[in-house]
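Enquirer: So here's work.txt (compact mmCIF, N, CA and C atoms).
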# COMPACT_ATOMS: atom_id res chain seq x y z
N SER A 1 131.01 47.98 -9.73
CA SER A 1 131.87 48.99 -9.14
C SER A 1 131.64 50.36 -9.77
N VAL A 2 131.50 50.38 -11.10
CA VAL A 2 131.31 51.66 -11.78
C VAL A 2 129.98 52.28 -11.39
N THR A 3 128.91 51.48 -11.40
CA THR A 3 127.61 52.05 -11.03
C THR A 3 127.59 52.50 -9.58
N ASN A 4 128.24 51.75 -8.71
CA ASN A 4 128.31 52.16 -7.30
C ASN A 4 129.06 53.48 -7.14
N ALA A 5 130.16 53.63 -7.88
CA ALA A 5 130.93 54.89 -7.81
C ALA A 5 130.11 56.05 -8.36
N CYS A 6 129.37 55.83 -9.44
CA CYS A 6 128.51 56.89 -9.99
C CYS A 6 127.46 57.31 -8.98
N ARG A 7 126.85 56.32 -8.34
CA ARG A 7 125.83 56.61 -7.34
C ARG A 7 126.43 57.38 -6.16
N LYS A 8 127.57 56.91 -5.68
CA LYS A 8 128.23 57.52 -4.52
C LYS A 8 128.61 58.98 -4.78
N HIS A 9 129.08 59.26 -5.99
CA HIS A 9 129.59 60.61 -6.29
C HIS A 9 128.60 61.45 -7.11
N GLY A 10 127.40 60.92 -7.31
CA GLY A 10 126.38 61.68 -8.04
C GLY A 10 126.74 61.94 -9.48
N LYS A 11 127.41 61.00 -10.14
CA LYS A 11 127.83 61.17 -11.53
C LYS A 11 126.89 60.44 -12.48
N ARG A 12 126.81 60.95 -13.66
CA ARG A 12 125.98 60.37 -14.72
C ARG A 12 126.78 59.31 -15.46
N LEU A 13 126.11 58.23 -15.83
CA LEU A 13 126.78 57.16 -16.57
C LEU A 13 126.20 57.06 -17.97
N ILE A 14 127.08 57.06 -18.95
CA ILE A 14 126.71 56.84 -20.35
C ILE A 14 127.27 55.47 -20.71
N PHE A 15 126.41 54.53 -21.06
CA PHE A 15 126.81 53.15 -21.31
C PHE A 15 126.51 52.77 -22.75
N THR A 16 127.49 52.21 -23.44
CA THR A 16 127.24 51.70 -24.79
C THR A 16 127.05 50.20 -24.71
N SER A 17 126.02 49.76 -25.39
CA SER A 17 125.64 48.36 -25.37
C SER A 17 125.58 47.86 -26.81
N THR A 18 124.81 46.83 -27.03
CA THR A 18 124.68 46.23 -28.35
C THR A 18 123.21 46.05 -28.70
N GLN A 19 122.91 46.18 -29.98
CA GLN A 19 121.53 45.92 -30.42
C GLN A 19 121.12 44.49 -30.11
N LEU A 20 122.08 43.61 -29.97
CA LEU A 20 121.78 42.20 -29.68
C LEU A 20 121.15 42.01 -28.30
N ALA A 21 121.20 43.05 -27.45
CA ALA A 21 120.60 42.96 -26.11
C ALA A 21 119.10 43.29 -26.13
N SER A 22 118.57 43.65 -27.28
CA SER A 22 117.15 44.01 -27.35
C SER A 22 116.27 42.78 -27.50
N ASP A 23 115.00 42.95 -27.22
CA ASP A 23 114.06 41.83 -27.32
C ASP A 23 113.93 41.29 -28.73
N ASN A 24 114.33 42.07 -29.73
CA ASN A 24 114.27 41.61 -31.13
C ASN A 24 115.19 40.43 -31.39
N PHE A 25 116.15 40.21 -30.49
CA PHE A 25 117.13 39.15 -30.70
C PHE A 25 116.94 37.99 -29.72
N ARG A 26 115.71 37.78 -29.29
CA ARG A 26 115.41 36.64 -28.41
C ARG A 26 115.03 35.43 -29.25
N CYS A 27 115.41 34.27 -28.79
CA CYS A 27 115.08 33.02 -29.46
C CYS A 27 113.58 32.78 -29.35
N THR A 28 112.94 32.40 -30.44
CA THR A 28 111.49 32.18 -30.43
C THR A 28 111.09 30.96 -29.61
N CYS A 29 111.99 30.00 -29.44
CA CYS A 29 111.61 28.78 -28.71
C CYS A 29 111.73 28.92 -27.20
N CYS A 30 112.72 29.70 -26.72
CA CYS A 30 112.94 29.77 -25.27
C CYS A 30 112.95 31.20 -24.71
N ASN A 31 112.82 32.18 -25.57
CA ASN A 31 112.79 33.59 -25.20
C ASN A 31 114.09 34.10 -24.58
N GLN A 32 115.19 33.37 -24.77
CA GLN A 32 116.49 33.79 -24.26
C GLN A 32 117.21 34.62 -25.32
N LEU A 33 118.06 35.54 -24.87
CA LEU A 33 118.90 36.26 -25.83
C LEU A 33 119.80 35.26 -26.52
N GLN A 34 120.17 35.57 -27.75
CA GLN A 34 120.80 34.57 -28.61
C GLN A 34 122.29 34.33 -28.36
N SER A 35 122.92 35.08 -27.47
CA SER A 35 124.33 34.83 -27.19
C SER A 35 124.66 35.23 -25.75
N PRO A 36 125.69 34.61 -25.18
CA PRO A 36 126.13 35.02 -23.84
C PRO A 36 126.56 36.49 -23.81
N TYR A 37 127.15 36.96 -24.90
CA TYR A 37 127.56 38.37 -25.01
C TYR A 37 126.35 39.28 -24.84
N ALA A 38 125.29 39.00 -25.58
CA ALA A 38 124.07 39.82 -25.51
C ALA A 38 123.45 39.75 -24.11
N ALA A 39 123.43 38.57 -23.52
CA ALA A 39 122.85 38.41 -22.19
C ALA A 39 123.66 39.20 -21.15
N ALA A 40 124.99 39.18 -21.26
CA ALA A 40 125.83 39.94 -20.33
C ALA A 40 125.62 41.44 -20.51
N LYS A 41 125.50 41.89 -21.74
CA LYS A 41 125.24 43.31 -22.00
C LYS A 41 123.89 43.71 -21.40
N ARG A 42 122.88 42.85 -21.54
CA ARG A 42 121.56 43.17 -20.99
C ARG A 42 121.62 43.29 -19.47
N GLU A 43 122.36 42.40 -18.83
CA GLU A 43 122.50 42.47 -17.37
C GLU A 43 123.19 43.77 -16.96
N ALA A 44 124.20 44.18 -17.71
CA ALA A 44 124.87 45.46 -17.42
C ALA A 44 123.91 46.63 -17.63
N GLU A 45 123.08 46.55 -18.67
CA GLU A 45 122.08 47.60 -18.90
C GLU A 45 121.16 47.77 -17.69
N LYS A 46 120.77 46.65 -17.11
CA LYS A 46 119.87 46.70 -15.95
C LYS A 46 120.52 47.46 -14.79
N LEU A 47 121.82 47.27 -14.58
CA LEU A 47 122.53 48.00 -13.53
C LEU A 47 122.53 49.50 -13.84
N VAL A 48 122.76 49.84 -15.09
CA VAL A 48 122.80 51.25 -15.50
C VAL A 48 121.41 51.88 -15.37
N GLU A 49 120.37 51.14 -15.75
CA GLU A 49 119.00 51.66 -15.67
C GLU A 49 118.61 52.05 -14.25
N ALA A 50 119.22 51.42 -13.26
CA ALA A 50 118.89 51.72 -11.87
C ALA A 50 119.50 53.05 -11.41
N LEU A 51 120.40 53.62 -12.20
CA LEU A 51 121.01 54.91 -11.84
C LEU A 51 120.15 56.05 -12.34
N PRO A 52 120.03 57.10 -11.54
CA PRO A 52 119.31 58.28 -12.05
C PRO A 52 120.13 58.97 -13.14
N ASN A 53 119.43 59.47 -14.15
CA ASN A 53 120.05 60.28 -15.19
C ASN A 53 121.06 59.52 -16.04
N SER A 54 120.90 58.20 -16.16
CA SER A 54 121.81 57.41 -16.98
C SER A 54 121.30 57.29 -18.41
N VAL A 55 122.23 56.98 -19.30
CA VAL A 55 121.89 56.78 -20.71
C VAL A 55 122.55 55.50 -21.19
N THR A 56 121.78 54.66 -21.86
CA THR A 56 122.31 53.47 -22.51
C THR A 56 122.04 53.61 -23.99
N VAL A 57 123.06 53.38 -24.79
CA VAL A 57 122.91 53.44 -26.25
C VAL A 57 123.28 52.07 -26.81
N ARG A 58 122.33 51.47 -27.50
CA ARG A 58 122.57 50.18 -28.16
C ARG A 58 123.10 50.47 -29.56
N LEU A 59 124.33 50.06 -29.80
CA LEU A 59 125.01 50.36 -31.05
C LEU A 59 124.83 49.28 -32.09
N PRO A 60 124.74 49.67 -33.36
CA PRO A 60 124.84 48.70 -34.45
C PRO A 60 126.32 48.41 -34.70
N ASN A 61 126.63 47.73 -35.78
CA ASN A 61 128.02 47.50 -36.17
C ASN A 61 128.61 48.83 -36.62
N ILE A 62 129.77 49.15 -36.09
CA ILE A 62 130.43 50.41 -36.43
C ILE A 62 131.44 50.13 -37.53
N ILE A 63 131.39 50.96 -38.58
CA ILE A 63 132.30 50.75 -39.70
C ILE A 63 133.25 51.92 -39.83
N ASP A 64 134.44 51.59 -40.26
CA ASP A 64 135.48 52.58 -40.51
C ASP A 64 135.74 52.57 -42.00
N LEU A 65 135.13 53.51 -42.71
CA LEU A 65 135.26 53.54 -44.17
C LEU A 65 136.66 53.90 -44.63
N GLU A 66 137.48 54.45 -43.74
CA GLU A 66 138.86 54.80 -44.10
C GLU A 66 139.81 53.62 -43.95
N GLY A 67 139.33 52.51 -43.40
CA GLY A 67 140.16 51.32 -43.27
C GLY A 67 141.22 51.39 -42.19
N LYS A 68 141.02 52.20 -41.16
CA LYS A 68 142.01 52.34 -40.09
C LYS A 68 141.78 51.39 -38.92
N ASP A 69 140.64 50.71 -38.90
CA ASP A 69 140.33 49.79 -37.80
C ASP A 69 141.16 48.52 -37.98
N PRO A 70 142.07 48.21 -37.04
CA PRO A 70 142.95 47.05 -37.21
C PRO A 70 142.35 45.73 -36.71
N ASN A 71 141.13 45.76 -36.16
CA ASN A 71 140.56 44.57 -35.53
C ASN A 71 139.91 43.67 -36.58
N ASP A 72 140.65 42.63 -37.00
CA ASP A 72 140.17 41.73 -38.05
C ASP A 72 139.00 40.86 -37.61
N SER A 73 138.61 40.93 -36.34
CA SER A 73 137.45 40.15 -35.92
C SER A 73 136.15 40.86 -36.31
N ARG A 74 136.24 42.12 -36.68
CA ARG A 74 135.06 42.87 -37.10
C ARG A 74 134.87 42.75 -38.60
N LEU A 75 133.63 42.91 -39.01
CA LEU A 75 133.24 42.65 -40.39
C LEU A 75 134.01 43.48 -41.42
N PHE A 76 133.97 44.80 -41.31
CA PHE A 76 134.62 45.64 -42.32
C PHE A 76 136.13 45.43 -42.36
N PRO A 77 136.84 45.45 -41.22
CA PRO A 77 138.29 45.22 -41.29
C PRO A 77 138.65 43.87 -41.90
N ARG A 78 137.85 42.84 -41.58
CA ARG A 78 138.12 41.51 -42.14
C ARG A 78 137.93 41.53 -43.65
N PHE A 79 136.84 42.14 -44.12
CA PHE A 79 136.59 42.23 -45.56
C PHE A 79 137.65 43.11 -46.24
N ASN A 80 138.00 44.24 -45.60
CA ASN A 80 139.03 45.13 -46.17
C ASN A 80 140.34 44.39 -46.36
N LYS A 81 140.75 43.66 -45.33
CA LYS A 81 142.02 42.93 -45.39
C LYS A 81 142.00 41.89 -46.50
N ALA A 82 140.91 41.14 -46.59
CA ALA A 82 140.81 40.11 -47.64
C ALA A 82 140.85 40.74 -49.03
N ALA A 83 140.10 41.81 -49.22
CA ALA A 83 140.06 42.47 -50.54
C ALA A 83 141.43 43.02 -50.91
N ARG A 84 142.08 43.65 -49.95
CA ARG A 84 143.38 44.27 -50.18
C ARG A 84 144.47 43.23 -50.44
N GLU A 85 144.47 42.15 -49.65
CA GLU A 85 145.56 41.18 -49.73
C GLU A 85 145.35 40.07 -50.76
N THR A 86 144.09 39.69 -51.00
CA THR A 86 143.85 38.56 -51.90
C THR A 86 143.04 38.92 -53.13
N GLY A 87 142.38 40.07 -53.10
CA GLY A 87 141.53 40.45 -54.23
C GLY A 87 140.18 39.74 -54.22
N VAL A 88 139.91 38.99 -53.13
CA VAL A 88 138.65 38.24 -53.03
C VAL A 88 138.07 38.42 -51.62
N VAL A 89 136.79 38.75 -51.56
CA VAL A 89 136.07 38.78 -50.29
C VAL A 89 135.16 37.56 -50.29
N ARG A 90 135.47 36.60 -49.40
CA ARG A 90 134.70 35.37 -49.33
C ARG A 90 133.66 35.48 -48.21
N ILE A 91 132.43 35.12 -48.54
CA ILE A 91 131.37 35.09 -47.55
C ILE A 91 130.70 33.74 -47.59
N ARG A 92 130.03 33.40 -46.50
CA ARG A 92 129.31 32.13 -46.41
C ARG A 92 127.81 32.38 -46.43
N PRO A 93 127.07 31.42 -46.94
CA PRO A 93 125.60 31.55 -46.88
C PRO A 93 125.15 31.53 -45.42
N PRO A 94 124.05 32.11 -45.09
CA PRO A 94 123.18 32.85 -46.00
C PRO A 94 123.70 34.26 -46.23
N GLU A 95 123.97 34.59 -47.45
CA GLU A 95 124.55 35.88 -47.79
C GLU A 95 123.55 37.03 -47.70
N ASP A 96 122.28 36.69 -47.51
CA ASP A 96 121.26 37.73 -47.37
C ASP A 96 120.98 38.09 -45.90
N THR A 97 121.85 37.64 -44.98
CA THR A 97 121.72 37.99 -43.57
C THR A 97 121.84 39.50 -43.41
N PRO A 98 120.86 40.13 -42.75
CA PRO A 98 120.95 41.59 -42.60
C PRO A 98 121.93 41.99 -41.50
N VAL A 99 122.55 43.14 -41.70
CA VAL A 99 123.44 43.73 -40.71
C VAL A 99 123.22 45.24 -40.75
N THR A 100 123.19 45.86 -39.57
CA THR A 100 123.00 47.30 -39.49
C THR A 100 124.34 47.95 -39.20
N LEU A 101 124.67 48.97 -39.97
CA LEU A 101 125.97 49.61 -39.91
C LEU A 101 125.84 51.10 -39.67
N VAL A 102 126.80 51.66 -38.94
CA VAL A 102 126.91 53.11 -38.79
C VAL A 102 128.39 53.46 -38.89
N GLU A 103 128.69 54.49 -39.66
CA GLU A 103 130.07 54.93 -39.84
C GLU A 103 130.56 55.55 -38.54
N VAL A 104 131.84 55.38 -38.21
CA VAL A 104 132.38 55.75 -36.91
C VAL A 104 132.17 57.23 -36.59
N GLY A 105 132.34 58.12 -37.55
CA GLY A 105 132.12 59.54 -37.30
C GLY A 105 130.67 59.85 -36.98
N GLN A 106 129.76 59.22 -37.73
CA GLN A 106 128.33 59.40 -37.46
C GLN A 106 127.97 58.82 -36.10
N CYS A 107 128.60 57.72 -35.75
CA CYS A 107 128.35 57.11 -34.43
C CYS A 107 128.70 58.10 -33.33
N ALA A 108 129.84 58.76 -33.45
CA ALA A 108 130.26 59.74 -32.43
C ALA A 108 129.26 60.89 -32.35
N ARG A 109 128.82 61.39 -33.50
CA ARG A 109 127.83 62.48 -33.49
C ARG A 109 126.52 62.02 -32.85
N ASN A 110 126.11 60.80 -33.17
CA ASN A 110 124.88 60.26 -32.58
C ASN A 110 125.00 60.13 -31.06
N LEU A 111 126.15 59.65 -30.59
CA LEU A 111 126.35 59.51 -29.15
C LEU A 111 126.22 60.85 -28.44
N LEU A 112 126.79 61.89 -29.03
CA LEU A 112 126.67 63.22 -28.43
C LEU A 112 125.21 63.66 -28.34
N SER A 113 124.44 63.36 -29.38
CA SER A 113 123.03 63.78 -29.35
C SER A 113 122.25 62.99 -28.29
N TYR A 114 122.56 61.71 -28.11
CA TYR A 114 121.88 60.93 -27.08
C TYR A 114 122.22 61.44 -25.69
N ILE A 115 123.45 61.84 -25.50
CA ILE A 115 123.87 62.37 -24.20
C ILE A 115 123.09 63.64 -23.89
N GLU A 116 122.91 64.48 -24.90
CA GLU A 116 122.18 65.73 -24.70
C GLU A 116 120.68 65.51 -24.51
N GLU A 117 120.14 64.43 -25.10
CA GLU A 117 118.70 64.17 -25.03
C GLU A 117 118.20 63.82 -23.65
N GLY A 118 119.02 63.17 -22.87
CA GLY A 118 118.53 62.82 -21.55
C GLY A 118 118.86 61.41 -21.14
N THR A 119 117.85 60.68 -20.67
CA THR A 119 118.09 59.38 -20.06
C THR A 119 117.40 58.27 -20.84
N GLY A 120 117.60 57.05 -20.36
CA GLY A 120 116.91 55.90 -20.93
C GLY A 120 117.78 55.10 -21.90
N ILE A 121 117.13 54.20 -22.60
CA ILE A 121 117.80 53.35 -23.59
C ILE A 121 117.47 53.89 -24.98
N HIS A 122 118.51 54.05 -25.78
CA HIS A 122 118.35 54.53 -27.15
C HIS A 122 118.94 53.49 -28.10
N LEU A 123 118.25 53.25 -29.18
CA LEU A 123 118.72 52.34 -30.22
C LEU A 123 119.27 53.19 -31.35
N MET A 124 120.58 53.12 -31.55
CA MET A 124 121.19 53.91 -32.61
C MET A 124 120.83 53.30 -33.96
N ARG A 125 120.34 54.12 -34.82
CA ARG A 125 119.96 53.68 -36.16
C ARG A 125 121.19 53.66 -37.07
N GLY A 126 121.09 52.92 -38.11
CA GLY A 126 122.16 52.86 -39.10
C GLY A 126 121.57 52.42 -40.42
N GLU A 127 122.45 52.07 -41.31
CA GLU A 127 122.04 51.59 -42.63
C GLU A 127 122.00 50.06 -42.59
N THR A 128 120.87 49.48 -42.95
CA THR A 128 120.76 48.03 -42.95
C THR A 128 121.05 47.51 -44.35
N MET A 129 121.97 46.56 -44.39
CA MET A 129 122.39 45.93 -45.64
C MET A 129 122.50 44.43 -45.40
N THR A 130 122.64 43.68 -46.47
CA THR A 130 122.93 42.26 -46.32
C THR A 130 124.45 42.09 -46.26
N ILE A 131 124.87 40.94 -45.77
CA ILE A 131 126.31 40.63 -45.74
C ILE A 131 126.88 40.72 -47.15
N LYS A 132 126.14 40.25 -48.13
CA LYS A 132 126.63 40.30 -49.51
C LYS A 132 126.80 41.75 -49.97
N GLN A 133 125.85 42.62 -49.64
CA GLN A 133 125.98 44.03 -50.02
C GLN A 133 127.20 44.68 -49.38
N VAL A 134 127.47 44.33 -48.11
CA VAL A 134 128.65 44.85 -47.44
C VAL A 134 129.90 44.37 -48.16
N ALA A 135 129.95 43.07 -48.46
CA ALA A 135 131.11 42.51 -49.17
C ALA A 135 131.29 43.18 -50.53
N GLU A 136 130.19 43.42 -51.24
CA GLU A 136 130.27 44.06 -52.55
C GLU A 136 130.79 45.49 -52.44
N ARG A 137 130.35 46.20 -51.40
CA ARG A 137 130.82 47.59 -51.20
C ARG A 137 132.34 47.61 -50.99
N VAL A 138 132.82 46.71 -50.14
CA VAL A 138 134.25 46.65 -49.87
C VAL A 138 135.01 46.21 -51.11
N ALA A 139 134.52 45.18 -51.77
CA ALA A 139 135.19 44.66 -52.97
C ALA A 139 135.33 45.75 -54.03
N LYS A 140 134.27 46.51 -54.23
CA LYS A 140 134.30 47.59 -55.22
C LYS A 140 135.39 48.61 -54.90
N ALA A 141 135.54 48.94 -53.62
CA ALA A 141 136.54 49.93 -53.21
C ALA A 141 137.96 49.46 -53.51
N TYR A 142 138.18 48.15 -53.52
CA TYR A 142 139.53 47.61 -53.74
C TYR A 142 139.68 46.96 -55.11
N GLY A 143 138.64 47.00 -55.93
CA GLY A 143 138.72 46.32 -57.23
C GLY A 143 138.79 44.81 -57.07
N ALA A 144 138.19 44.30 -56.01
CA ALA A 144 138.19 42.86 -55.72
C ALA A 144 136.85 42.26 -56.17
N ARG A 145 136.75 40.95 -55.97
CA ARG A 145 135.48 40.28 -56.30
C ARG A 145 134.96 39.59 -55.04
N VAL A 146 133.66 39.25 -55.07
CA VAL A 146 133.02 38.55 -53.96
C VAL A 146 132.77 37.11 -54.37
N GLU A 147 133.07 36.20 -53.47
CA GLU A 147 132.76 34.78 -53.66
C GLU A 147 131.91 34.30 -52.51
N VAL A 148 130.85 33.56 -52.82
CA VAL A 148 130.04 32.92 -51.80
C VAL A 148 130.50 31.48 -51.69
N ALA A 149 131.02 31.12 -50.51
CA ALA A 149 131.59 29.77 -50.33
C ALA A 149 130.53 28.80 -49.87
Could you rewrite the structure in this file as structure tokens?
Expert:
Amino acid sequence: SVTNACRKHGKRLIFTSTQLASDNFRCTCCNQLQSPYAAAKREAEKLVEALPNSVTVRLPNIIDLEGKDPNDSRLFPRFNKAARETGVVRIRPPEDTPVTLVEVGQCARNLLSYIEEGTGIHLMRGETMTIKQVAERVAKAYGARVEVA
């Protein structure tokens, strides 16, 4: 419906997606994207790509260093809550799993630059860390400790 309305009214669409929709996240055995979420995002990207003058930005994990994000399903808020309430940030192996992060303010600035750049798919860069490094960063901010369960 959104792409049809953009086409009908000659409007530009800016779509945010996920890095998980890229070919880097395909299973080596079957070449499928690794989650239904990623596959759905990729299908939406295809609809956007068919529009003239559209922009798709694949986002990394967005972090709120000020701790204002209330969504405990996300990595930083979950770690912040654990560190603040229990003094312990618990992680599971493999603790060396990489994750790419971008701070929310930088994400907004990056989105503006992609909009100004033109069309196509853009992969937003961020800082790549391991899950353990993320946990250690949060723990340090709260004077908490990290445990690998």
Enquirer: I want to know what sits within 7 Å of Gly120 in chain A, based on all atoms listed in the file, with residues of the same chain fewer than 3 positions away left out; could you give that as a ChimeraX atom specification?
Expert: /A:53-57
Enquirer: Tell me, which residues of chain A carry DSSP alpha helix (DSSP H), written as a PyMOL selection string?
Expert: chain A and resi 2-9+36-49+75-86+104-117+131-142
Enquirer: Need the shell around Glu127 in chain A: protein/DNA/RNA residues with any atom at most 9 Å away, counting only C-alpha atoms. Skip same-chain ones fewer than 5 positions apart. Format as a ChimeraX atom specification?
Expert: /A:99-102
Enquirer: Could you tell me how far atom C of Gly105 in chain A lies from atom C of Lys68 in chain A, in Å and to one decimal?
Expert: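 Between atom C of Gly105 in chain A and atom C of Lys68 in chain A the gap is 14.1 Å.
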Enquirer: What does the distance between atom N of Glu85 in chain A and atom N of Gly67 in chain A come to in Å, to one decimal place?
Expert: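 So the answer is 13.1 Å.
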Enquirer: To one decimal place in Å, what is the distance between atom C of Ala82 in chain A and CA of Asn61 in chain A?
Expert: 19.4 Å
Enquirer: From the list A:Ile131, A:Ile115, A:Leu75, A:Ile63, which residue is nearest Glu103 in chain A when using all atoms listed in the file?
Expert: A:Ile63
Enquirer: Can you pull out every residue within 8 Å of Asp96 in chain A, counting all atoms listed in the file, but drop anything in the same chain fewer than 4 positions away, and send it as a list of chain:residue names?
Expert: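 Answer for this query is A:Arg92, A:Met129, A:Thr130, A:Ile131, A:Lys132, A:Gln133.
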